[in-house]
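First comes the structure, then the notes that go with it.
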Amino acid sequence: MNYENILVQQENGIATITINRPKKLNALNRDTIQELHDAFEALDTDTEAKVIVLTGSGEKAFVAGADISEFAHFSVEEGGQLAAKGQELLFDFVQNLGTPVIAAVNGFALGGGLELAMASHFRIASDNAKMGLPEVSLGVIPGYGGTQRLPQLVGKGKAMEMVMTAGMIGAEEAQQCGLVNHVTTQEELLPLAYKLASKIMRNSLVAIRGAIKAVNANFEDGVNGYETEITAFGNCFGTEDFKEGTTAFLEKRKAAFPGK
């Protein structure tokens, strides 16, 4: 599939999606959101793509935010539709994707950029990265899940401070408050992402898909996460991965899982 705003590469079971709008600091516009959706959807059904790494082009930005010029003159109704469609197409879609997604934050992750990183299953960052939700400085609030996912990751108080001050935090502070898992140099960011992806790929991707669903259930209103976990746990017993994993353990060898 050909894309104008993103690059997609695959090697050794790892797919890398690079948001490629360097002149706009990789800002998210409608076309880029649609292309990202299409790429994630295609990779999720691709048996060769076992883990997805998401990053931005260049050394300045992961995603510096949304493309403000697209919605500066929107009405109330249009603004609501923008948030609803964006969340459905990309942010909620990524969060609930069965294929693991690692965000490799290589610079500014602001507004929609941070929201996209937070929708990923976990995040690593280069030491020059800056993260924040500056929307209130524009007279609007985060609309792509930022007010929900940020408190889940850093706690209510820290999230309130970040949202209300519209300020940025650096990579080290982001790691300290749980927003990112690891911090490394710009040069080592993608190698670290691929190392973590390789560790993930050693395990049952079928089981990981169930684990993603169970973990996410804990944050969904009206959903009993424990019941979701019980169901997903039970379903594992009917898979080839379970048979291979338990047999390998009993035979004292490494498991060779069938794949996605």
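Chain lettering (A, B, ...) mirrors the order of the structure tokens, residue numbering begins at 1 for each chain separately, and ligand numbering begins at 1 in order of display.
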**Item:** helix (DSSP H, G or I) residues, from DSSP on the backbone, in range 31-256 of chain A, as a VMD selection string
**Value:** chain A and resid 31 to 44 68 to 70 76 to 95 112 to 119 135 to 138 146 to 154 156 to 165 171 to 176 186 to 201 205 to 217 225 to 236 240 to 250
Report as number ranges by chain all protein, DNA and RNA residues lying within 10 Å of Met168 in chain A, evaluated on only C-alpha atoms, omitting residues in the same chain fewer than 6 positions from it. A: 108-110, 129-134, 162, 174
Next, write the just-selected residues to a file, as a compact mmCIF listing (two decimals), in the first residue's frame, keeping C-alpha atoms as the atom set.
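Full text of selection31.txt as output:
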# COMPACT_ATOMS: atom_id res chain seq x y z
CA PHE A 108 8.32 16.48 20.65
CA ALA A 109 5.14 14.55 21.49
CA LEU A 110 2.57 17.27 22.04
CA ALA A 129 11.95 14.13 23.98
CA LYS A 130 9.46 16.67 25.32
CA MET A 131 5.88 15.71 26.13
CA GLY A 132 2.77 17.70 26.96
CA LEU A 133 -0.86 18.54 26.28
CA PRO A 134 -0.90 22.26 25.39
CA MET A 162 0.12 19.01 32.91
CA ALA A 174 8.20 11.31 31.98
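Picture a line from CA of Gly145 in chain A to CA of Gly86 in chain A; it runs 9.6 Å.
Surrounding range 181-186 of chain A within 10 Å are Glu59, Ala104, Val105, Asn106, Gly107, Phe122, Arg123, Ile124, Ala125, Ser126, Asp127, Asn128, Ala129, Ala171, Glu172, Ala174, Gln175, Leu192 and Ala193 of chain A, with only C-alpha atoms counted and residues fewer than 6 positions along the same chain left out.
Candidate residues A:Gln152, A:Gly157, A:Ile169, A:Leu190 were compared for distance to Ile17 in chain A, and the nearest is A:Leu190, using only C-alpha atoms.
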Please return as JSON, numbers by chain: the residues of range 75-225 of chain A that backbone DSSP assigns to strand (DSSP E or B). {"A": [101, 102, 103, 104, 105, 108, 109, 110, 122, 123, 124, 125, 126, 130, 131, 132, 168, 169, 170, 182, 183, 184]}
Expected file contents, prior selection, all heavy atoms, as a compact mmCIF listing (two decimals), in the first residue's frame:
# COMPACT_ATOMS: atom_id res chain seq x y z
N VAL A 101 1.94 -2.64 20.12
CA VAL A 101 2.43 -1.39 19.54
C VAL A 101 3.34 -0.69 20.55
O VAL A 101 2.92 -0.38 21.67
CB VAL A 101 1.27 -0.45 19.16
CG1 VAL A 101 1.82 0.85 18.56
CG2 VAL A 101 0.32 -1.12 18.18
N ILE A 102 4.58 -0.45 20.15
CA ILE A 102 5.54 0.29 20.98
C ILE A 102 5.73 1.66 20.35
O ILE A 102 6.09 1.77 19.18
CB ILE A 102 6.90 -0.42 21.04
CG1 ILE A 102 6.76 -1.85 21.56
CG2 ILE A 102 7.88 0.37 21.90
CD1 ILE A 102 8.04 -2.67 21.42
N ALA A 103 5.49 2.73 21.11
CA ALA A 103 5.76 4.08 20.63
C ALA A 103 7.19 4.45 20.98
O ALA A 103 7.57 4.43 22.15
CB ALA A 103 4.79 5.08 21.26
N ALA A 104 7.98 4.77 19.96
CA ALA A 104 9.36 5.22 20.15
C ALA A 104 9.36 6.74 19.97
O ALA A 104 9.41 7.24 18.84
CB ALA A 104 10.29 4.54 19.16
N VAL A 105 9.27 7.46 21.07
CA VAL A 105 9.10 8.91 21.06
C VAL A 105 10.46 9.57 20.86
O VAL A 105 11.30 9.59 21.77
CB VAL A 105 8.43 9.40 22.36
CG1 VAL A 105 8.24 10.90 22.34
CG2 VAL A 105 7.08 8.69 22.55
N PHE A 108 9.55 15.90 20.14
CA PHE A 108 8.32 16.48 20.65
C PHE A 108 7.14 15.53 20.46
O PHE A 108 6.90 15.02 19.38
CB PHE A 108 7.99 17.80 19.95
CG PHE A 108 8.91 18.93 20.31
CD1 PHE A 108 9.83 19.42 19.39
CD2 PHE A 108 8.88 19.49 21.58
CE1 PHE A 108 10.68 20.47 19.72
CE2 PHE A 108 9.72 20.53 21.94
CZ PHE A 108 10.63 21.02 21.00
N ALA A 109 6.40 15.28 21.54
CA ALA A 109 5.14 14.55 21.49
C ALA A 109 4.13 15.43 22.22
O ALA A 109 4.00 15.37 23.45
CB ALA A 109 5.26 13.18 22.16
N LEU A 110 3.44 16.26 21.47
CA LEU A 110 2.57 17.27 22.04
C LEU A 110 1.15 17.09 21.53
O LEU A 110 0.94 16.69 20.39
CB LEU A 110 3.07 18.67 21.68
CG LEU A 110 4.51 19.00 22.06
CD1 LEU A 110 4.90 20.38 21.54
CD2 LEU A 110 4.71 18.92 23.57
N PHE A 122 2.85 0.61 25.06
CA PHE A 122 3.77 1.27 25.99
C PHE A 122 4.72 2.15 25.20
O PHE A 122 4.76 2.10 23.97
CB PHE A 122 4.50 0.29 26.91
CG PHE A 122 5.44 -0.68 26.25
CD1 PHE A 122 6.77 -0.37 26.04
CD2 PHE A 122 5.00 -1.94 25.86
CE1 PHE A 122 7.65 -1.27 25.46
CE2 PHE A 122 5.86 -2.86 25.28
CZ PHE A 122 7.20 -2.51 25.07
N ARG A 123 5.50 2.97 25.92
CA ARG A 123 6.30 4.01 25.30
C ARG A 123 7.75 3.96 25.77
O ARG A 123 8.02 3.70 26.96
CB ARG A 123 5.75 5.40 25.67
CG ARG A 123 4.41 5.73 25.09
CD ARG A 123 3.49 6.48 26.03
NE ARG A 123 3.14 5.66 27.20
CZ ARG A 123 2.26 4.65 27.19
NH1 ARG A 123 1.62 4.37 26.08
NH2 ARG A 123 2.03 3.93 28.26
N ILE A 124 8.68 4.26 24.85
CA ILE A 124 10.06 4.54 25.21
C ILE A 124 10.39 5.89 24.58
O ILE A 124 9.71 6.33 23.66
CB ILE A 124 11.02 3.44 24.73
CG1 ILE A 124 11.05 3.34 23.19
CG2 ILE A 124 10.65 2.09 25.35
CD1 ILE A 124 12.08 2.37 22.67
N ALA A 125 11.42 6.56 25.08
CA ALA A 125 11.70 7.91 24.60
C ALA A 125 13.20 8.17 24.49
O ALA A 125 14.00 7.61 25.24
CB ALA A 125 11.07 8.95 25.54
N SER A 126 13.56 9.03 23.55
CA SER A 126 14.93 9.53 23.48
C SER A 126 15.10 10.63 24.50
O SER A 126 14.13 11.27 24.92
CB SER A 126 15.23 10.04 22.07
OG SER A 126 14.31 11.05 21.69
N LYS A 130 10.28 15.78 24.50
CA LYS A 130 9.46 16.67 25.32
C LYS A 130 8.00 16.30 25.11
O LYS A 130 7.55 16.13 23.98
CB LYS A 130 9.67 18.14 24.93
CG LYS A 130 11.10 18.63 25.05
CD LYS A 130 11.48 18.87 26.49
CE LYS A 130 12.86 19.50 26.59
NZ LYS A 130 13.29 19.69 27.99
N MET A 131 7.26 16.16 26.21
CA MET A 131 5.88 15.71 26.13
C MET A 131 4.93 16.65 26.86
O MET A 131 5.28 17.18 27.92
CB MET A 131 5.77 14.30 26.72
CG MET A 131 6.37 13.23 25.83
SD MET A 131 6.82 11.72 26.73
CE MET A 131 8.59 11.94 26.84
N GLY A 132 3.74 16.84 26.30
CA GLY A 132 2.77 17.70 26.96
C GLY A 132 1.46 17.76 26.20
O GLY A 132 1.35 17.32 25.05
N MET A 168 5.33 21.39 29.20
CA MET A 168 5.99 20.18 28.71
C MET A 168 6.87 19.59 29.81
O MET A 168 7.37 20.31 30.67
CB MET A 168 6.86 20.49 27.50
CG MET A 168 6.12 20.94 26.28
SD MET A 168 7.22 21.17 24.84
CE MET A 168 8.18 22.59 25.38
N ILE A 169 7.03 18.28 29.77
CA ILE A 169 7.99 17.61 30.66
C ILE A 169 9.01 16.88 29.79
O ILE A 169 8.73 16.49 28.66
CB ILE A 169 7.32 16.63 31.64
CG1 ILE A 169 6.61 15.49 30.89
CG2 ILE A 169 6.33 17.35 32.54
CD1 ILE A 169 6.09 14.39 31.82
N GLY A 170 10.22 16.73 30.33
CA GLY A 170 11.27 16.04 29.61
C GLY A 170 11.18 14.54 29.78
O GLY A 170 10.35 14.02 30.53
N HIS A 182 11.21 3.55 29.29
CA HIS A 182 12.67 3.61 29.17
C HIS A 182 13.07 4.91 28.49
O HIS A 182 12.34 5.43 27.64
CB HIS A 182 13.22 2.44 28.34
CG HIS A 182 12.84 1.09 28.87
ND1 HIS A 182 13.50 0.46 29.89
CD2 HIS A 182 11.85 0.23 28.49
CE1 HIS A 182 12.95 -0.71 30.12
NE2 HIS A 182 11.93 -0.87 29.29
N VAL A 183 14.25 5.42 28.85
CA VAL A 183 14.83 6.59 28.19
C VAL A 183 16.22 6.22 27.71
O VAL A 183 17.00 5.60 28.44
CB VAL A 183 14.91 7.81 29.14
CG1 VAL A 183 15.64 8.96 28.46
CG2 VAL A 183 13.52 8.24 29.58
N THR A 184 16.54 6.59 26.47
CA THR A 184 17.85 6.30 25.92
C THR A 184 18.25 7.42 24.97
O THR A 184 17.52 8.42 24.85
CB THR A 184 17.84 4.93 25.19
OG1 THR A 184 19.16 4.59 24.80
CG2 THR A 184 16.93 4.95 23.97
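Residue neighbourhood of range 215-231 of chain A, excluding near-sequence residues (fewer than 3 positions): Asp92, Phe93, Val94, Gln95, Asn96, Leu97, Gly98, Ala119, Ser120, His121, Gln148, Arg149, Pro151, Gln152, Leu153, Ala207, Ile208, Arg209, Gly210, Ala211, Ile212, Gly234, Asn235, Cys236, Phe237 and Gly238 of chain A, at 12 Å, using only C-alpha atoms.
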Filtering to N, CA and C atoms, could you give me those residues as a compact mmCIF listing (two decimals), in the first residue's frame?
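Result written to result.txt:
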# COMPACT_ATOMS: atom_id res chain seq x y z
N ASP A 92 -8.45 5.03 19.77
CA ASP A 92 -9.05 3.84 20.37
C ASP A 92 -8.66 2.59 19.59
N PHE A 93 -8.54 2.75 18.27
CA PHE A 93 -8.19 1.62 17.41
C PHE A 93 -6.82 1.06 17.78
N VAL A 94 -5.85 1.95 17.97
CA VAL A 94 -4.49 1.52 18.35
C VAL A 94 -4.49 0.89 19.74
N GLN A 95 -5.18 1.52 20.69
CA GLN A 95 -5.21 0.99 22.05
C GLN A 95 -5.74 -0.44 22.08
N ASN A 96 -6.71 -0.73 21.24
CA ASN A 96 -7.36 -2.05 21.26
C ASN A 96 -6.82 -3.00 20.20
N LEU A 97 -5.76 -2.60 19.51
CA LEU A 97 -5.16 -3.46 18.50
C LEU A 97 -4.59 -4.71 19.16
N GLY A 98 -4.78 -5.85 18.54
CA GLY A 98 -4.27 -7.09 19.11
C GLY A 98 -2.77 -7.26 18.92
N ALA A 119 -1.91 6.06 23.43
CA ALA A 119 -2.78 5.01 22.92
C ALA A 119 -2.00 3.74 22.61
N SER A 120 -0.70 3.88 22.34
CA SER A 120 0.15 2.72 22.10
C SER A 120 0.25 1.90 23.39
N HIS A 121 0.67 0.65 23.27
CA HIS A 121 0.64 -0.24 24.44
C HIS A 121 1.69 0.12 25.49
N GLN A 148 -8.27 11.22 29.50
CA GLN A 148 -8.56 9.92 30.07
C GLN A 148 -7.29 9.09 30.26
N ARG A 149 -6.45 9.03 29.23
CA ARG A 149 -5.27 8.16 29.29
C ARG A 149 -4.15 8.74 30.16
N PRO A 151 -4.27 10.57 33.03
CA PRO A 151 -4.43 10.22 34.46
C PRO A 151 -4.21 8.74 34.75
N GLN A 152 -4.57 7.87 33.79
CA GLN A 152 -4.35 6.44 33.98
C GLN A 152 -2.86 6.13 34.12
N LEU A 153 -2.03 6.88 33.41
CA LEU A 153 -0.59 6.61 33.38
C LEU A 153 0.17 7.33 34.48
N ALA A 207 -1.64 -15.32 23.09
CA ALA A 207 -1.87 -14.99 24.50
C ALA A 207 -1.73 -13.49 24.74
N ILE A 208 -0.76 -12.87 24.08
CA ILE A 208 -0.56 -11.42 24.24
C ILE A 208 -1.79 -10.66 23.76
N ARG A 209 -2.39 -11.11 22.67
CA ARG A 209 -3.61 -10.47 22.18
C ARG A 209 -4.72 -10.52 23.24
N GLY A 210 -4.84 -11.66 23.91
CA GLY A 210 -5.82 -11.78 24.99
C GLY A 210 -5.47 -10.92 26.19
N ALA A 211 -4.17 -10.81 26.49
CA ALA A 211 -3.73 -9.99 27.62
C ALA A 211 -4.01 -8.51 27.37
N ILE A 212 -3.79 -8.05 26.14
CA ILE A 212 -4.08 -6.65 25.80
C ILE A 212 -5.56 -6.35 26.04
N GLY A 234 -9.42 -18.70 29.99
CA GLY A 234 -10.02 -19.97 29.58
C GLY A 234 -9.85 -20.24 28.10
N ASN A 235 -9.99 -19.19 27.28
CA ASN A 235 -9.85 -19.36 25.84
C ASN A 235 -8.46 -19.84 25.45
N CYS A 236 -7.47 -19.46 26.25
CA CYS A 236 -6.09 -19.87 25.94
C CYS A 236 -5.95 -21.39 25.91
N PHE A 237 -6.74 -22.07 26.71
CA PHE A 237 -6.63 -23.53 26.81
C PHE A 237 -7.03 -24.24 25.52
N GLY A 238 -7.70 -23.54 24.63
CA GLY A 238 -8.10 -24.14 23.37
C GLY A 238 -7.18 -23.80 22.21
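Residue nearest Gly113 in chain A within the list A:Cys177, A:Leu36, A:Ala61, A:Leu43: A:Ala61 [criterion: smallest interatomic distance, only C-alpha atoms].
You will find CA of Met164 in chain A at 19.6 Å from CA of Ala83 in chain A.
Rounded to one decimal, CA of Lys50 in chain A and CA of Arg202 in chain A lie 10.2 Å from each other.
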Exercise for the section: Name all residues at most 10 Å from Val163 in chain A (count only C-alpha atoms; drop same-chain ones fewer than 4 positions away) and give them as a PyMOL selection string. Expected result: chain A and resi 111+132-137+141-142+146-147+150+158-159+167-168
Serialized selection, C-alpha atoms, as a CSV table (one decimal), in the first residue's frame:
chain,number,residue,atom,x,y,z
A,111,GLY,CA,-1.2,17.3,22.0
A,132,GLY,CA,2.8,17.7,27.0
A,133,LEU,CA,-0.9,18.5,26.3
A,134,PRO,CA,-0.9,22.3,25.4
A,135,GLU,CA,-4.5,22.4,24.2
A,136,VAL,CA,-5.8,24.8,26.8
A,137,SER,CA,-3.4,27.4,25.6
A,141,ILE,CA,-9.1,20.7,25.7
A,142,PRO,CA,-7.4,17.4,24.6
A,146,GLY,CA,-5.7,12.8,26.5
A,147,THR,CA,-7.9,13.6,29.6
A,150,LEU,CA,-2.9,10.6,31.0
A,158,LYS,CA,0.1,15.1,37.8
A,159,ALA,CA,-2.3,14.9,34.8
A,167,GLY,CA,3.5,22.7,30.0
A,168,MET,CA,6.0,20.2,28.7
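Distances to Val140 in chain A were evaluated for A:Thr246, A:Gly80, A:Phe62, A:Gly56 using only C-alpha atoms, and the minimum falls at A:Gly80.
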Excluding Asp241 in chain A and any residue of its chain fewer than 4 positions from it, enumerate the residues within 8 Å of it, using only C-alpha atoms, and give them as a ChimeraX atom specification. /A:204,206-207,236,245,257-258
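Remark: for Val63 in chain A, the closest of the candidate residues A:Glu41, A:Glu88, A:Glu78, A:Glu115 is A:Glu115 (distances computed over only C-alpha atoms).
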Contact residues around Lys195 in chain A with only C-alpha atoms at 12 Å, ignoring same-chain residues under 4 positions, as a PyMOL selection string:
chain A and resi 12+14+51+53+102+124+188-191+199-202
Emit the selected residues as a PDB file, in the first residue's frame, including C-alpha atoms.
ATOM      1  CA  ASN A  12      12.233  -9.998  10.951  1.00  0.00           C
ATOM      2  CA  ILE A  14       8.812  -6.208  13.261  1.00  0.00           C
ATOM      3  CA  VAL A  51       5.088  -6.289  16.721  1.00  0.00           C
ATOM      4  CA  VAL A  53       7.048   0.144  16.362  1.00  0.00           C
ATOM      5  CA  ILE A 102       5.541   0.293  20.976  1.00  0.00           C
ATOM      6  CA  ILE A 124      10.056   4.537  25.206  1.00  0.00           C
ATOM      7  CA  GLU A 188      19.769   3.918  20.538  1.00  0.00           C
ATOM      8  CA  LEU A 189      16.012   4.564  20.526  1.00  0.00           C
ATOM      9  CA  LEU A 190      15.008   2.317  17.623  1.00  0.00           C
ATOM     10  CA  PRO A 191      17.545  -0.401  18.524  1.00  0.00           C
ATOM     11  CA  LYS A 199      11.553 -10.131  23.557  1.00  0.00           C
ATOM     12  CA  ILE A 200       7.812  -9.854  22.959  1.00  0.00           C
ATOM     13  CA  MET A 201       8.044 -12.067  19.870  1.00  0.00           C
ATOM     14  CA  ARG A 202       9.521 -14.952  21.864  1.00  0.00           C
TER      15      ARG A 202
END
